[in-house]
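K.L.:
Pasting in a structure now, in structure tokens, and then I'll have a few things to ask.
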Amino acid sequence: MKVNLKIDDHTLLTPIGLDDAQQVYENFSSDIIEFLPISSPPDKIEDTIEFIKLCIDQWQNKTDMVWIILDGNEFSGCCGIHTLQSKQPHFGIWIKKPKQGKGIGKKVVHFMLNWGVENLNVDFIKYPVDKRNTKSIGIIEAMGLRPFRYYKMGDDKILSVIEYRYHKK
Ligand SMILES: CC(C)(COP(=O)(O)OP(=O)(O)OC[C@H]1O[C@@H](n2cnc3c(N)ncnc32)[C@H](O)[C@@H]1OP(=O)(O)O)[C@@H](O)C(=O)NCCC(=O)NCCS
């Protein structure tokens with residue numbers, strides 16, 4: 001049930017595949033993970049390949065859907081809806097550094113939360129954000145959402161998470 005999603009004439013989401021490994025590996029850098037629950041980026045491409053193989057299995061098992069974001073046909077980042085079996089999945093996104101600040105993140109988040117609640121069997125979609133991640137908070141609050149709950153996560157790297165929840169209108 002892999003799905004390509006066309007957001008507009010410029011921006012397309014396509015399920016992640018092994019052909020994307022080099023681009024994902026090169027662009028998933030330490031500044032991208034600053035506010036993500038990951039201690040360090042992969043230090044070898046084999047780790048990225050393992051991650052993509054896991055994503056492919058998860059697409060088949062219908063638990064997680066991870067797409068790459070193509071903007072003007074150029075690899076621009078990744079986004080995903082995770083733990084679908086819970087019916088209360090969460091959304092994640094990263095945009096590669098040279099493509100940030102051009103409106104792609106906002107466009108993808110707004111489109112995908114709507115698409116998810118309209119097309120998947122879910123109660124709502126969670127959007128967890130570290131409280132220092134002002135850009136991401138701006139994106140979600142521009143949709144009219146307000147914090148649902150606050151919690152801390154992680155051991156070495158501790159994130160102060162604000163969780164938003166997007167419901168079907
Ligand atoms: C957060 C992220 C996805 C945003 O994507 P993006 O494409 O850079 O964001 P956009 O260009 O759509 O901008 C979104 C908003 O942030 C604002 N913004 C842009 N650059 C900014 C900056 N440097 N500081 C503060 N706000 C900024 C924009 O003004 C825009 O709001 P507006 O449309 O109301 O003006 C991206 O920065 C990213 O990948 N970060 C690393 C991974 C991450 O943190 N993911 C999110 C986890 S919740």
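Please note that chains go A, B, ... in the order of the structure tokens, that every chain numbers its residues from 1, and that ligands are numbered from 1 in the order shown.
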Set the distance at 7 Å and use only C-alpha atoms: which residues neighbour range 38-45 of chain A once local chain neighbours fewer than 3 positions away are removed? I'd like the list as a list of chain:residue names.
P.N.:
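Listing them by chain and then by number gives A:Tyr25, A:Phe28, A:Ser29, A:Ser30, A:Ile33, A:Thr48, A:Ile49, A:Lys157.
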K.L.:
The selected residues should be written to file as a PDB file, in the first residue's frame (atoms: C-alpha atoms).
P.N.:
ATOM      1  CA  TYR A  25      23.158   9.777   4.718  1.00  0.00           C
ATOM      2  CA  PHE A  28      21.014  13.844   8.043  1.00  0.00           C
ATOM      3  CA  SER A  29      23.638  15.881   9.879  1.00  0.00           C
ATOM      4  CA  SER A  30      24.299  16.863  13.489  1.00  0.00           C
ATOM      5  CA  ILE A  33      19.167  16.148  14.943  1.00  0.00           C
ATOM      6  CA  THR A  48      21.430   4.515   6.835  1.00  0.00           C
ATOM      7  CA  ILE A  49      20.863   1.472   4.592  1.00  0.00           C
ATOM      8  CA  LYS A 157      20.141  13.893  25.526  1.00  0.00           C
TER       9      LYS A 157
END
K.L.:
Neighbours of ligand 1 within 10 Å, counting only C-alpha atoms and all ligand atoms, as a PyMOL selection string?
P.N.:
chain A and resi 28-37+76-79+90-110+127-142+161-163
K.L.:
How would the residues just chosen look if you wrote them out with N, CA and C atoms as a compact mmCIF listing (two decimals), in the first residue's frame?
P.N.:
# COMPACT_ATOMS: atom_id res chain seq x y z
N PHE A 28 21.51 14.01 6.67
CA PHE A 28 21.01 13.84 8.04
C PHE A 28 22.18 14.14 8.99
N SER A 29 22.41 15.43 9.23
CA SER A 29 23.64 15.88 9.88
C SER A 29 23.39 16.23 11.34
N SER A 30 24.45 16.62 12.04
CA SER A 30 24.30 16.86 13.49
C SER A 30 23.38 18.06 13.77
N ASP A 31 23.34 19.06 12.89
CA ASP A 31 22.41 20.17 13.19
C ASP A 31 20.95 19.77 12.94
N ILE A 32 20.72 18.82 12.05
CA ILE A 32 19.34 18.34 11.83
C ILE A 32 18.80 17.66 13.09
N ILE A 33 19.67 16.93 13.80
CA ILE A 33 19.17 16.15 14.94
C ILE A 33 19.17 16.92 16.26
N GLU A 34 19.52 18.21 16.20
CA GLU A 34 19.66 18.99 17.45
C GLU A 34 18.47 18.80 18.40
N PHE A 35 17.26 18.82 17.85
CA PHE A 35 16.06 18.72 18.70
C PHE A 35 15.34 17.39 18.50
N LEU A 36 16.03 16.40 17.93
CA LEU A 36 15.41 15.08 17.70
C LEU A 36 15.96 14.08 18.73
N PRO A 37 15.18 13.05 19.06
CA PRO A 37 15.63 12.08 20.08
C PRO A 37 16.63 11.07 19.54
N SER A 76 14.88 16.70 -0.65
CA SER A 76 14.85 17.84 0.29
C SER A 76 14.69 17.42 1.74
N GLY A 77 14.45 16.14 2.02
CA GLY A 77 14.31 15.70 3.40
C GLY A 77 13.41 14.49 3.50
N CYS A 78 12.97 14.22 4.71
CA CYS A 78 12.12 13.05 4.97
C CYS A 78 10.99 13.43 5.89
N CYS A 79 9.91 12.68 5.80
CA CYS A 79 8.85 12.82 6.80
C CYS A 79 8.20 11.45 6.99
N HIS A 90 2.54 9.33 15.60
CA HIS A 90 3.15 10.66 15.61
C HIS A 90 3.80 10.95 14.27
N PHE A 91 3.90 12.25 14.00
CA PHE A 91 4.47 12.71 12.73
C PHE A 91 5.87 13.25 12.98
N GLY A 92 6.77 12.98 12.07
CA GLY A 92 8.13 13.52 12.17
C GLY A 92 8.58 14.04 10.81
N ILE A 93 9.46 15.03 10.83
CA ILE A 93 9.93 15.63 9.57
C ILE A 93 11.32 16.22 9.75
N TRP A 94 12.13 16.14 8.71
CA TRP A 94 13.35 16.97 8.64
C TRP A 94 13.56 17.42 7.21
N ILE A 95 14.05 18.65 7.10
CA ILE A 95 14.34 19.24 5.80
C ILE A 95 15.85 19.47 5.74
N LYS A 96 16.47 19.10 4.63
CA LYS A 96 17.94 19.26 4.57
C LYS A 96 18.31 20.74 4.66
N LYS A 97 19.46 21.00 5.23
CA LYS A 97 19.88 22.36 5.57
C LYS A 97 19.71 23.36 4.41
N PRO A 98 20.23 23.08 3.20
CA PRO A 98 20.14 24.10 2.14
C PRO A 98 18.71 24.39 1.69
N LYS A 99 17.75 23.54 2.05
CA LYS A 99 16.36 23.75 1.62
C LYS A 99 15.49 24.30 2.76
N GLN A 100 16.10 24.53 3.93
CA GLN A 100 15.30 25.06 5.05
C GLN A 100 14.97 26.53 4.82
N GLY A 101 13.90 26.97 5.47
CA GLY A 101 13.52 28.39 5.42
C GLY A 101 12.86 28.80 4.12
N LYS A 102 12.43 27.82 3.31
CA LYS A 102 11.80 28.14 2.03
C LYS A 102 10.32 27.77 2.03
N GLY A 103 9.81 27.41 3.18
CA GLY A 103 8.38 27.10 3.27
C GLY A 103 8.04 25.64 3.04
N ILE A 104 9.05 24.80 2.79
CA ILE A 104 8.76 23.39 2.48
C ILE A 104 8.24 22.67 3.73
N GLY A 105 8.91 22.89 4.87
CA GLY A 105 8.49 22.22 6.11
C GLY A 105 7.04 22.53 6.43
N LYS A 106 6.69 23.79 6.39
CA LYS A 106 5.32 24.20 6.72
C LYS A 106 4.32 23.55 5.75
N LYS A 107 4.64 23.58 4.48
CA LYS A 107 3.73 23.01 3.47
C LYS A 107 3.52 21.52 3.72
N VAL A 108 4.60 20.80 4.00
CA VAL A 108 4.50 19.35 4.18
C VAL A 108 3.73 19.02 5.47
N VAL A 109 4.04 19.71 6.57
CA VAL A 109 3.35 19.42 7.83
C VAL A 109 1.85 19.68 7.67
N HIS A 110 1.50 20.82 7.11
CA HIS A 110 0.07 21.15 6.98
C HIS A 110 -0.65 20.14 6.09
N TYR A 127 2.07 15.47 17.32
CA TYR A 127 3.18 16.24 16.76
C TYR A 127 4.05 16.67 17.95
N PRO A 128 5.07 15.85 18.29
CA PRO A 128 5.92 16.19 19.44
C PRO A 128 7.08 17.11 19.02
N VAL A 129 7.31 18.16 19.76
CA VAL A 129 8.35 19.14 19.43
C VAL A 129 9.13 19.51 20.69
N ASP A 130 10.44 19.59 20.58
CA ASP A 130 11.21 20.12 21.71
C ASP A 130 10.89 21.60 21.87
N LYS A 131 10.85 22.05 23.13
CA LYS A 131 10.39 23.43 23.37
C LYS A 131 11.33 24.49 22.79
N ARG A 132 12.58 24.11 22.44
CA ARG A 132 13.50 25.09 21.83
C ARG A 132 13.33 25.19 20.31
N ASN A 133 12.54 24.30 19.74
CA ASN A 133 12.43 24.20 18.28
C ASN A 133 11.38 25.21 17.77
N THR A 134 11.78 26.48 17.78
CA THR A 134 10.81 27.55 17.50
C THR A 134 10.19 27.46 16.10
N LYS A 135 10.99 27.03 15.13
CA LYS A 135 10.45 26.94 13.77
C LYS A 135 9.33 25.91 13.71
N SER A 136 9.59 24.74 14.31
CA SER A 136 8.60 23.68 14.26
C SER A 136 7.34 24.06 15.06
N ILE A 137 7.54 24.72 16.19
CA ILE A 137 6.39 25.18 16.99
C ILE A 137 5.58 26.19 16.18
N GLY A 138 6.28 27.09 15.47
CA GLY A 138 5.58 28.07 14.63
C GLY A 138 4.73 27.39 13.57
N ILE A 139 5.27 26.33 12.98
CA ILE A 139 4.55 25.61 11.92
C ILE A 139 3.26 25.01 12.48
N ILE A 140 3.35 24.34 13.61
CA ILE A 140 2.16 23.65 14.13
C ILE A 140 1.15 24.64 14.71
N GLU A 141 1.65 25.69 15.35
CA GLU A 141 0.69 26.65 15.94
C GLU A 141 -0.01 27.47 14.86
N ALA A 142 0.63 27.58 13.68
CA ALA A 142 -0.03 28.27 12.55
C ALA A 142 -1.26 27.49 12.07
N VAL A 161 9.60 17.98 25.70
CA VAL A 161 8.68 17.85 24.56
C VAL A 161 7.35 18.55 24.84
N ILE A 162 6.92 19.29 23.84
CA ILE A 162 5.54 19.80 23.82
C ILE A 162 4.81 18.92 22.81
N GLU A 163 3.74 18.29 23.24
CA GLU A 163 3.00 17.44 22.31
C GLU A 163 1.72 18.14 21.86
K.L.:
Tell me, which residues of chain A carry DSSP strand (DSSP E or B), written as a PyMOL selection string?
P.N.:
chain A and resi 5-6+11-15+65-71+74-82+90-95+125-130+149-153+159-166
K.L.:
Do a neighbour search on Thr11 in chain A at 9 Å with only C-alpha atoms, toss out local chain neighbours closer than 4 positions, and write the hits as a ChimeraX atom specification.
P.N.:
/A:5-7,69-73,104,107-108
K.L.:
Need to verify the contact set: range 113-116 of chain A, 8 Å, only C-alpha atoms, exclusion of same-chain residues closer than 2 positions in sequence. Can you return it as a PyMOL selection string?
P.N.:
chain A and resi 91+109-111+118-120+122+125+166+168
K.L.:
Suppose we keep C-alpha atoms; can you now write the selection as an mmCIF file, in the first residue's frame?
P.N.:
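This is the output file again.cif:
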data_model
loop_
_atom_site.group_PDB
_atom_site.id
_atom_site.type_symbol
_atom_site.label_atom_id
_atom_site.label_comp_id
_atom_site.auth_asym_id
_atom_site.auth_seq_id
_atom_site.Cartn_x
_atom_site.Cartn_y
_atom_site.Cartn_z
ATOM 1 C CA PHE A 91 4.471 12.707 12.731
ATOM 2 C CA VAL A 109 3.347 19.417 7.831
ATOM 3 C CA HIS A 110 0.070 21.153 6.981
ATOM 4 C CA PHE A 111 -0.652 18.806 4.090
ATOM 5 C CA GLU A 118 -8.529 11.893 6.428
ATOM 6 C CA ASN A 119 -6.968 8.737 4.982
ATOM 7 C CA LEU A 120 -5.669 6.585 7.843
ATOM 8 C CA VAL A 122 -6.363 6.982 13.436
ATOM 9 C CA ILE A 125 -1.877 12.424 14.964
ATOM 10 C CA TYR A 166 -4.174 17.008 15.280
ATOM 11 C CA LYS A 168 -10.012 15.231 12.044
#
K.L.:
For Gln23 in chain A, which residue out of A:Trp67, A:Phe51, A:Phe75, A:Tyr164 is the nearest one, using only C-alpha atoms?
P.N.:
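Ranked by minimum distance to Gln23 in chain A, first place goes to A:Phe75.
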K.L.:
Please measure the separation of CA of Asp123 in chain A and CA of Lys87 in chain A, giving the value in Å to one decimal.
P.N.:
5.7 Å
K.L.:
For the helix (DSSP H, G or I) assignment from backbone DSSP, which residues of chain A qualify? Please present them as a VMD selection string.
P.N.:
chain A and resid 18 to 27 45 to 61 84 to 86 97 to 99 104 to 119 134 to 141
